[in-house]
$ cat upload03.cif   # mmCIF, C-alpha atoms and all ligand atoms
data_model
#
loop_
_atom_site.label_atom_id
_atom_site.label_comp_id
_atom_site.auth_asym_id
_atom_site.auth_seq_id
_atom_site.Cartn_x
_atom_site.Cartn_y
_atom_site.Cartn_z
CA MET E 1 125.16 75.24 65.32
CA ARG E 2 127.41 77.24 63.06
CA TRP E 3 126.53 75.20 59.97
CA LEU E 4 122.85 75.63 60.75
CA ILE E 5 123.22 79.41 60.69
CA LEU E 6 125.22 79.16 57.50
CA LEU E 7 122.56 76.97 55.92
CA ALA E 8 119.81 79.36 56.99
CA ALA E 9 121.74 82.30 55.54
CA LEU E 10 122.26 80.45 52.27
CA LEU E 11 118.58 79.56 52.06
CA ALA E 12 117.61 83.16 52.74
CA LEU E 13 119.98 84.35 50.00
CA LEU E 14 118.53 81.86 47.53
CA LEU E 15 115.02 82.96 48.42
CA VAL E 16 115.85 86.64 47.93
CA GLY E 17 117.53 85.80 44.62
CA TRP E 18 114.54 83.80 43.47
CA ALA E 19 112.12 86.57 44.45
CA PHE E 20 114.30 89.10 42.62
CA MET E 21 114.34 86.94 39.49
CA GLN E 22 110.57 86.61 39.53
CA LYS E 23 110.16 90.36 39.80
CA ARG E 24 112.95 91.80 37.65
CA PRO E 25 114.39 89.14 35.33
CA GLN E 26 115.49 91.94 32.99
CA ASP E 27 118.11 93.00 35.57
CA LEU E 28 119.89 89.64 35.50
CA PRO E 29 122.54 88.78 32.91
CA TRP E 30 121.54 85.14 32.38
CA THR E 31 117.78 85.46 31.85
CA THR E 32 116.33 85.28 28.35
CA LEU E 33 115.44 88.59 26.73
CA ASP E 34 111.72 89.28 26.54
CA LEU E 35 110.68 92.43 24.66
CA ALA E 36 107.52 92.65 26.79
CA GLN E 37 109.57 93.37 29.89
CA PRO E 38 110.64 96.85 30.95
CA ILE E 39 114.22 97.92 30.21
CA GLY E 40 116.63 96.32 32.67
CA LEU E 41 120.32 96.52 33.50
CA PHE E 42 121.22 93.94 30.86
CA THR E 43 118.63 94.66 28.15
CA GLY E 44 121.11 96.56 25.97
CA ARG E 45 123.78 93.86 26.15
CA LYS E 46 121.23 91.15 25.39
CA LEU E 47 120.01 93.07 22.35
CA ALA E 48 123.56 93.52 21.03
CA ALA E 49 124.21 89.81 21.62
CA LEU E 50 121.45 89.03 19.09
CA THR E 51 123.82 90.22 16.35
CA GLY E 52 124.38 87.31 13.99
CA ASP E 53 121.41 85.38 15.36
CA PRO E 54 118.50 86.40 13.14
CA ARG E 55 116.36 83.45 14.12
CA THR E 56 116.31 84.28 17.85
CA CYS E 57 115.93 87.98 17.17
CA ARG E 58 113.00 87.55 14.80
CA ALA E 59 111.34 85.11 17.21
CA LEU E 60 111.48 87.88 19.82
CA LEU E 61 109.82 90.34 17.40
CA ASP E 62 107.11 87.73 16.68
CA GLN E 63 106.60 87.05 20.36
CA ALA E 64 106.17 90.78 21.04
CA GLY E 65 103.62 91.17 18.21
CA ILE E 66 105.90 93.46 16.18
CA ALA E 67 105.02 93.38 12.46
CA TYR E 68 108.01 93.26 10.09
CA SER E 69 109.25 91.86 6.81
CA ALA E 70 112.49 89.93 6.89
CA MET E 71 114.85 91.13 4.15
CA LEU E 72 116.96 88.79 2.07
CA PRO E 73 120.68 88.90 2.87
CA GLY E 74 122.68 91.18 0.59
CA GLY E 75 125.94 93.07 0.16
CA GLU E 76 129.44 91.63 0.21
CA GLY E 77 132.50 91.52 2.45
CA HIS E 78 132.52 94.32 5.01
CA CYS E 79 129.20 95.48 3.64
CA ALA E 80 127.25 92.23 3.89
CA PHE E 81 123.99 92.42 5.79
CA ARG E 82 122.34 89.24 6.99
CA ASP E 83 119.51 90.06 9.35
CA SER E 84 117.74 93.20 8.16
CA VAL E 85 114.08 93.70 8.87
CA ARG E 86 111.62 96.33 7.70
CA LEU E 87 109.19 97.32 10.44
CA LYS E 88 105.65 97.38 9.05
CA PRO E 89 103.30 100.22 9.90
CA MET E 90 101.06 99.30 12.81
CA PRO E 91 98.12 101.20 14.29
CA GLU E 92 99.17 103.13 17.40
CA ALA E 93 102.84 102.60 16.55
CA VAL E 94 105.31 105.31 15.64
CA ALA E 95 106.05 105.48 11.90
CA LEU E 96 109.59 105.63 10.65
CA SER E 97 110.14 108.22 7.93
CA PRO E 98 111.22 107.27 5.30
CA ALA E 99 109.36 103.97 5.85
CA SER E 100 111.58 101.95 3.52
CA VAL E 101 114.42 101.60 6.04
CA ALA E 102 115.57 98.06 6.97
CA PRO E 103 117.99 98.03 9.91
CA SER E 104 119.40 94.90 11.53
CA CYS E 105 116.98 92.98 13.73
CA PRO E 106 118.71 94.00 17.00
CA VAL E 107 118.47 97.68 15.96
CA ALA E 108 114.78 97.25 15.05
CA ALA E 109 114.04 95.51 18.37
CA ALA E 110 115.81 98.27 20.30
CA LEU E 111 113.91 100.94 18.34
CA LYS E 112 110.61 99.40 19.43
CA LEU E 113 111.69 99.27 23.11
CA TRP E 114 112.92 102.86 22.78
CA GLU E 115 109.53 103.90 21.37
CA TRP E 116 107.53 102.13 24.09
CA HIS E 117 109.60 102.83 27.19
CA VAL E 118 111.51 106.01 26.40
CA VAL E 119 110.21 108.14 23.51
CA GLN E 120 106.46 108.02 24.12
CA PRO E 121 106.63 108.36 27.92
CA ALA E 122 109.04 111.31 27.53
CA ALA E 123 106.81 112.94 24.91
CA GLN E 124 103.74 112.59 27.12
CA ARG E 125 105.53 113.87 30.20
CA LEU E 126 107.43 116.77 28.65
CA LEU E 127 105.30 117.74 25.64
CA GLY E 128 101.83 116.52 26.60
CA GLN E 129 101.32 114.42 23.48
CA SER E 130 102.61 111.41 21.58
CA VAL E 131 105.19 111.15 18.87
CA ARG E 132 103.69 110.14 15.52
CA THR E 133 106.80 109.83 13.37
CA VAL E 134 110.50 109.29 13.91
CA ALA E 135 112.51 110.89 11.10
CA HIS E 136 115.83 109.27 10.24
CA PHE E 137 118.76 109.60 7.82
CA GLY E 138 118.94 105.88 7.03
CA SER E 139 120.52 102.66 8.19
CA TYR E 140 122.42 100.64 5.59
CA SER E 141 125.33 102.40 3.94
CA CYS E 142 128.49 100.67 2.73
CA ARG E 143 131.07 103.03 4.20
CA ARG E 144 133.87 103.40 6.67
CA MET E 145 133.53 105.54 9.79
CA TYR E 146 133.01 109.21 8.97
CA GLY E 147 133.07 108.33 5.26
CA ARG E 148 136.87 108.08 5.29
CA ASP E 149 138.86 106.11 2.72
CA SER E 150 140.59 103.92 5.32
CA GLY E 151 139.96 102.65 8.83
CA ASP E 152 137.17 100.64 10.41
CA PHE E 153 133.90 100.11 8.67
CA SER E 154 130.90 101.79 10.22
CA GLU E 155 128.10 99.72 11.75
CA HIS E 156 126.03 101.27 8.96
CA ALA E 157 127.93 98.99 6.55
CA THR E 158 126.00 96.01 7.96
CA ALA E 159 122.73 97.88 8.60
CA ASP E 160 123.50 97.56 12.32
CA ALA E 161 122.89 101.28 12.92
CA ILE E 162 120.37 104.01 12.30
CA ASP E 163 120.69 107.82 12.36
CA ILE E 164 117.75 109.58 14.01
CA ALA E 165 117.12 113.15 12.79
CA GLY E 166 114.02 114.13 14.73
CA PHE E 167 110.42 113.57 15.70
CA VAL E 168 106.97 114.67 14.50
CA LEU E 169 104.35 115.03 17.23
CA GLU E 170 100.63 114.21 17.04
CA ASP E 171 99.78 117.87 16.36
CA GLY E 172 102.29 118.00 13.49
CA ARG E 173 105.01 119.92 15.33
CA ARG E 174 108.56 118.89 14.47
CA ILE E 175 111.44 118.50 16.89
CA SER E 176 114.79 118.09 15.20
CA VAL E 177 118.22 117.36 16.60
CA VAL E 178 119.79 120.09 14.47
CA ASN E 179 117.37 122.86 15.56
CA ASP E 180 116.28 121.88 19.05
CA TRP E 181 119.26 120.23 20.75
CA SER E 182 120.67 123.43 22.21
CA GLY E 183 118.74 125.46 24.72
CA GLU E 184 116.74 125.06 27.87
CA GLY E 185 113.27 124.54 26.44
CA LYS E 186 111.03 121.49 26.55
CA ASN E 187 112.10 120.33 23.11
CA ALA E 188 115.74 120.23 24.19
CA ALA E 189 114.78 118.43 27.41
CA PHE E 190 112.87 115.87 25.35
CA LEU E 191 115.84 115.27 23.02
CA ARG E 192 118.23 114.84 25.95
CA THR E 193 115.85 112.46 27.70
CA VAL E 194 115.42 110.22 24.65
CA ARG E 195 119.19 110.29 23.96
CA ASP E 196 119.89 109.21 27.56
CA GLY E 197 117.18 106.53 27.37
CA ALA E 198 118.68 105.10 24.18
CA CYS E 199 121.89 104.32 26.08
CA GLY E 200 120.25 101.42 27.91
CA LEU E 201 119.20 99.89 24.59
CA PHE E 202 121.95 100.50 22.03
CA SER E 203 125.68 99.65 22.23
CA THR E 204 126.56 103.03 20.79
CA VAL E 205 124.68 106.29 21.16
CA LEU E 206 126.29 109.41 19.70
CA SER E 207 124.60 112.82 19.81
CA PRO E 208 125.65 116.46 19.23
CA ASP E 209 127.43 116.20 22.61
CA TYR E 210 129.95 113.86 20.95
CA ASN E 211 131.15 115.89 17.98
CA ALA E 212 130.15 118.19 15.13
CA ALA E 213 129.58 115.23 12.79
CA HIS E 214 126.57 114.38 14.97
CA ARG E 215 125.13 117.89 15.27
CA ASP E 216 122.03 116.92 13.31
CA HIS E 217 121.35 113.33 14.39
CA PHE E 218 121.63 110.60 16.99
CA HIS E 219 123.72 107.67 15.80
CA LEU E 220 122.34 104.47 17.37
CA ASP E 221 124.00 101.10 16.75
CA GLN E 222 124.24 97.58 18.14
CA ALA E 223 127.96 96.89 17.73
CA GLU E 224 128.66 93.56 19.42
CA ARG E 225 131.82 94.08 21.47
CA GLY E 226 131.64 90.89 23.53
CA ALA E 227 131.30 90.46 27.28
CA THR E 228 133.98 93.02 28.09
CA GLY E 229 132.83 95.30 25.31
CA TRP E 230 132.45 98.94 26.14
CA ARG E 231 129.30 100.90 25.48
CA ALA E 232 129.33 104.43 24.15
CA CYS E 233 126.83 107.03 25.39
CA ARG E 234 127.84 110.53 24.43
ZN ZN I 1 125.25 106.76 12.13
#
$ encode --input "upload03.cif" --output "structure tokens" --more "lines below"
Ligand SMILES: [Zn+2]
Amino acid sequence: MRWLILLAALLALLLVGWAFMQKRPQDLPWTTLDLAQPIGLFTGRKLAALTGDPRTCRALLDQAGIAYSAMLPGGEGHCAFRDSVRLKPMPEAVALSPASVAPSCPVAAALKLWEWHVVQPAAQRLLGQSVRTVAHFGSYSCRRMYGRDSGDFSEHATADAIDIAGFVLEDGRRISVVNDWSGEGKNAAFLRTVRDGACGLFSTVLSPDYNAAHRDHFHLDQAERGATGWRACR
């Protein structure tokens, strides 16, 4: 009798697990990433794990209908980049300004998910309109952290990061990190919401809350720190 109960319990558990997987595969660590799914518990880690795997990452962009040009590898040593992509302008999509930026594929993929699931919903809810342009300070830059002469190289050195300066709305209004971060208004609420939302998509998110070096931008990167790797959200 006891083993029958045990068997029934096991079957029930399997059934619940199966149902869960069907409904929210993005919340499970072993399912394949699909950019069409909503953001789940493991979406950020799966995106970071695409570092060094341009073929899988680009296949995901293709599958999601994201237009891009694959860049040729370039740079050397600590500053070699291997999987940069330039997102192409698409109707209805947010434009990056300047448009010439080519971040790593995992950063580009996360930017699209951020746009779809975080930035535009927050803009609609808090500001009553869409974002038209995301202004940034660039991605690739062969430098060490904080531009120092020694120490670790920045994720920017491999184009695995992007610095977001602000947003232009449909009506032309600008919201910038440097001018609108502080305060209680809707613009500040919008910036905090999109910063928080980025944390589920990027390994590292640094905002003015972190330090003065980030008073005018959000640093977003996809540093791959392995299974036990920490994630920064400040
Ligand atoms: Zn940065």
$ closest_atom_pairs --input "upload03.cif" --of "segment 44-105 of chain E" --to "segment 203-210 of chain E" --cutoff "12 Å" --atoms "all atoms listed in the file" --output "Markdown table"
| residue | atom | partner | partner_atom | distance |
| --- | --- | --- | --- | --- |
| E:Gly44 | CA | E:Ser203 | CA | 6.7 |
| E:Arg45 | CA | E:Ser203 | CA | 7.2 |
| E:Lys46 | CA | E:Ser203 | CA | 10.1 |
| E:Leu47 | CA | E:Ser203 | CA | 8.7 |
| E:Ala48 | CA | E:Ser203 | CA | 6.6 |
| E:Ala49 | CA | E:Ser203 | CA | 10.0 |
| E:Leu50 | CA | E:Ser203 | CA | 11.9 |
| E:Thr51 | CA | E:Ser203 | CA | 11.3 |
$ residues_around --input "upload03.cif" --residues "segment 94-107 of chain E" --least-positions-apart "4" --cutoff "7 Å" --atoms "all atoms listed in the file" --output "ChimeraX atom specification"
/E:47-48,50-51,54,57-58,83-86,89,111,131-136,138-140,159-162,221-222
$ atom_distance --input "upload03.cif" --atom1 "atom CA of Lys186 of chain E" --atom2 "atom CA of Glu115 of chain E"
18.4 Å
$ closest_residue --input "upload03.cif" --among "E:Arg144, E:Arg192, E:His156, E:His78" --to "ligand ZN 1 (chain I)" --atoms "only C-alpha atoms and all ligand atoms"
E:His156
$ closest_residue --input "upload03.cif" --among "E:Gly74, E:Gly200, E:Gly147, E:Gly166" --to "ligand ZN 1 (chain I)" --atoms "all atoms listed in the file"
E:Gly147
$ residues_around --input "upload03.cif" --residues "Ala157 of chain E" --least-positions-apart "3" --cutoff "6 Å" --atoms "all atoms listed in the file" --output "PyMOL selection string"
chain E and resi 79+140-143+154
$ atom_distance --input "upload03.cif" --atom1 "atom CA of Glu155 of chain E" --atom2 "atom CA of Ala223 of chain E"
6.6 Å
$ closest_residue --input "upload03.cif" --among "E:Trp18, E:Tyr68, E:Phe42, E:Phe218" --to "ligand ZN 1 (chain I)" --atoms "only C-alpha atoms and all ligand atoms"
E:Phe218
